[in-house]
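Notes for the one structure printed next.
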Amino acid sequence: MVTAAQPLPVRAAPRPRFPAVRHLGPHWYAAVMGTAAVATGGATLPVRVPGLRTACAAVWALSLVLLAALLTARALHWRHHRDQARAHLRDPAAAPFYGCLAMALLAVGGGAPAAGADWLGARTALALDAGLFAAGTAVGLAAAVAVPYLMAVHHRAGQPEASPVWLLPVVAPMVSAALGPRLVPLLPAGQARETLLLGCVALFGLSLLATLALLPLVLARLLTAGPLPLALTPALFLVLGPLGQSTTAVGAFADAAPGVVPAPYAQGFGVLAVLYGVPVMGFALLWLALAAAHVLRARRRGMGFAMTWWAFTFPVGTCVTGAAALARHTHLAVYAGLAAVLYVLLAAAWTTAAAHTARGLFSGALLAAPPPAPAAPRPVTARTRSGAVR
């Protein structure tokens, strides 16, 4: 007697572990950057407000917790969802956000001495700052090379796709340039200190020249192709990042230069802080008004919350520290007042973005898979044309 062969049981595909982090992209580091910017901006504000120092310390501690949680979640993402992680690298809209990893490390580290020293102690805060500065600078330099390489070789984005997001990988070295001079006194006097300071100046030039190469593409895209898509409109605020951060950086150079570089150069850094910072801050205010007008237009047309709203935070925070640096070097009350006004704007933007983000996390909407892209239209052929006629 012949028996029929039994079909082999079909094994179900294994369920991926940690599904909640599958679509957790590198853009989430912007929330850490914005939170740290609130703490650092408030701690360096030239206007004294009762209770602000304690509040900034609490916000900085929150940024440290967020950084640790996000680094863990992103490690799980790469471990269990490597296909999606590689897809982010191949996506010209997602890959530039790898610059945010470097800036998140730098922003939290830079806020430690300014906002976290009361809780951690001065020595621990400086050690944390130094460690995160080294890690953030290494990651930032890698992103500044790797992401433009991927965009040139693999992404091949056209002029209509140009957006301020392209600036993110090349802005990270500017953050290092602004925060590094604070670490100069920790090194032995002599060549070690001068090397770190001039290394920060080199990072400043690297980032500035790359920004000057990319910024015309962004402005040309606005003028020739029209406004950005509604959800991407807040990204216009990202242009403020290199402007405010470079103004902060030249102020930091002037603070650290005396006794580190020879006298003529030390005085030159003080001159640069004013002659560079004043016009650049003027352009930053012009761009702030332009970006705000675009955002108001998009809001009237139905722009809802997206993670791009975090672009309202860190870039504005760099303008707060830039205005504070100008107040310090020009002794003009107008820059102290500007820093205070910008900080109020920063605090309001952070509160709004944080509230919407928390709501989206609890509902699961922000961690859900993105909607599928619309199918491409079928090509018109003789058969489809005749079928349409019938």
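Chain lettering (A, B, ...) mirrors the order of the structure tokens, residue numbering begins at 1 for each chain separately, and ligand numbering begins at 1 in order of display.
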Task: Selection near stretch 348-353 of chain A, 10 Å with only C-alpha atoms, sequence-local residues under 4 positions removed, as a PyMOL selection string - done: chain A and resi 31+34-35+37-38+305-314+316+342-344+357-359
Would you mind listing what lies within 9 Å of stretch 250-252 of chain A as a PDB file with N, CA and C atoms, in the first residue's frame, with only C-alpha atoms counted and same-chain residues fewer than 6 positions away left out?
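Listed below is the output, result04.pdb:
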ATOM      1  N   ALA A 177      33.816  73.198  16.994  1.00  0.00           N
ATOM      2  CA  ALA A 177      34.626  74.413  17.025  1.00  0.00           C
ATOM      3  C   ALA A 177      34.171  75.370  18.118  1.00  0.00           C
ATOM      4  N   ALA A 178      32.868  75.427  18.369  1.00  0.00           N
ATOM      5  CA  ALA A 178      32.348  76.343  19.380  1.00  0.00           C
ATOM      6  C   ALA A 178      32.567  75.834  20.798  1.00  0.00           C
ATOM      7  N   LEU A 179      32.602  74.514  20.978  1.00  0.00           N
ATOM      8  CA  LEU A 179      32.696  73.947  22.325  1.00  0.00           C
ATOM      9  C   LEU A 179      34.117  73.587  22.722  1.00  0.00           C
ATOM     10  N   GLY A 180      34.996  73.358  21.748  1.00  0.00           N
ATOM     11  CA  GLY A 180      36.358  72.949  22.064  1.00  0.00           C
ATOM     12  C   GLY A 180      37.165  73.952  22.851  1.00  0.00           C
ATOM     13  N   PRO A 181      37.063  75.264  22.578  1.00  0.00           N
ATOM     14  CA  PRO A 181      37.896  76.220  23.321  1.00  0.00           C
ATOM     15  C   PRO A 181      37.693  76.171  24.831  1.00  0.00           C
ATOM     16  N   ARG A 182      36.539  75.710  25.272  1.00  0.00           N
ATOM     17  CA  ARG A 182      36.310  75.606  26.717  1.00  0.00           C
ATOM     18  C   ARG A 182      37.230  74.567  27.357  1.00  0.00           C
ATOM     19  N   VAL A 201      39.755  76.147  15.233  1.00  0.00           N
ATOM     20  CA  VAL A 201      39.662  77.112  14.140  1.00  0.00           C
ATOM     21  C   VAL A 201      39.592  76.385  12.800  1.00  0.00           C
ATOM     22  N   PHE A 204      36.170  75.139  12.375  1.00  0.00           N
ATOM     23  CA  PHE A 204      35.345  76.288  12.001  1.00  0.00           C
ATOM     24  C   PHE A 204      35.420  76.534  10.498  1.00  0.00           C
ATOM     25  N   PHE A 269      41.735  87.550  17.331  1.00  0.00           N
ATOM     26  CA  PHE A 269      40.538  86.767  17.613  1.00  0.00           C
ATOM     27  C   PHE A 269      39.450  87.639  18.234  1.00  0.00           C
ATOM     28  N   GLY A 270      39.858  88.594  19.078  1.00  0.00           N
ATOM     29  CA  GLY A 270      38.873  89.511  19.651  1.00  0.00           C
ATOM     30  C   GLY A 270      38.228  90.388  18.591  1.00  0.00           C
ATOM     31  N   LEU A 272      37.971  89.519  15.389  1.00  0.00           N
ATOM     32  CA  LEU A 272      37.154  88.623  14.570  1.00  0.00           C
ATOM     33  C   LEU A 272      35.795  88.358  15.209  1.00  0.00           C
ATOM     34  N   ALA A 273      35.770  88.255  16.530  1.00  0.00           N
ATOM     35  CA  ALA A 273      34.516  87.969  17.215  1.00  0.00           C
ATOM     36  C   ALA A 273      33.463  89.029  16.913  1.00  0.00           C
ATOM     37  N   VAL A 274      33.907  90.270  16.744  1.00  0.00           N
ATOM     38  CA  VAL A 274      32.956  91.355  16.475  1.00  0.00           C
ATOM     39  C   VAL A 274      32.740  91.546  14.977  1.00  0.00           C
ATOM     40  N   TYR A 276      33.183  89.536  12.497  1.00  0.00           N
ATOM     41  CA  TYR A 276      32.472  88.420  11.883  1.00  0.00           C
ATOM     42  C   TYR A 276      31.085  88.258  12.492  1.00  0.00           C
ATOM     43  N   GLY A 277      31.001  88.306  13.816  1.00  0.00           N
ATOM     44  CA  GLY A 277      29.753  87.981  14.485  1.00  0.00           C
ATOM     45  C   GLY A 277      28.623  88.942  14.201  1.00  0.00           C
ATOM     46  N   GLY A 322      25.103  82.769  20.334  1.00  0.00           N
ATOM     47  CA  GLY A 322      25.813  83.731  19.494  1.00  0.00           C
ATOM     48  C   GLY A 322      25.562  85.157  19.935  1.00  0.00           C
ATOM     49  N   ALA A 325      27.445  85.810  23.074  1.00  0.00           N
ATOM     50  CA  ALA A 325      28.871  86.063  22.812  1.00  0.00           C
ATOM     51  C   ALA A 325      29.089  87.494  22.336  1.00  0.00           C
ATOM     52  N   LEU A 326      28.197  87.985  21.485  1.00  0.00           N
ATOM     53  CA  LEU A 326      28.323  89.368  21.026  1.00  0.00           C
ATOM     54  C   LEU A 326      28.108  90.352  22.173  1.00  0.00           C
ATOM     55  N   ARG A 328      28.904  89.816  25.183  1.00  0.00           N
ATOM     56  CA  ARG A 328      30.112  89.727  26.006  1.00  0.00           C
ATOM     57  C   ARG A 328      31.266  90.520  25.405  1.00  0.00           C
ATOM     58  N   HIS A 329      31.362  90.546  24.077  1.00  0.00           N
ATOM     59  CA  HIS A 329      32.518  91.172  23.427  1.00  0.00           C
ATOM     60  C   HIS A 329      32.263  92.607  22.963  1.00  0.00           C
TER      61      HIS A 329
END
Show which residues sit within 8 Å of A:Gly41, as a PDB file with C-alpha atoms, in the first residue's frame. Count only C-alpha atoms, and ignore same-chain residues fewer than 4 positions away.
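Written out: result-v1.pdb:
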ATOM      1  CA  ALA A  37      20.179  73.783  23.721  1.00  0.00           C
ATOM      2  CA  LEU A  45      22.140  83.957  29.066  1.00  0.00           C
ATOM      3  CA  GLY A 317      19.615  77.985  20.590  1.00  0.00           C
ATOM      4  CA  THR A 318      22.805  78.627  18.625  1.00  0.00           C
ATOM      5  CA  VAL A 320      20.997  82.611  21.692  1.00  0.00           C
ATOM      6  CA  THR A 321      24.601  81.671  22.474  1.00  0.00           C
ATOM      7  CA  TYR A 343      15.639  82.411  24.435  1.00  0.00           C
TER       8      TYR A 343
END
- [ ] Identify which of the residues A:Leu203, A:Leu275, A:Ala235, A:Ala339 lies closest to A:Pro315, counting only C-alpha atoms when measuring atom-to-atom distances.
- [x] A:Ala235
- [ ] Would you please give, as a PyMOL selection string, all residues of stretch 90-258 of chain A that DSSP assigns to alpha helix (DSSP H) based on the backbone?
- [x] chain A and resi 90+98-111+117-120+122-150+168-179+191-225+240-256
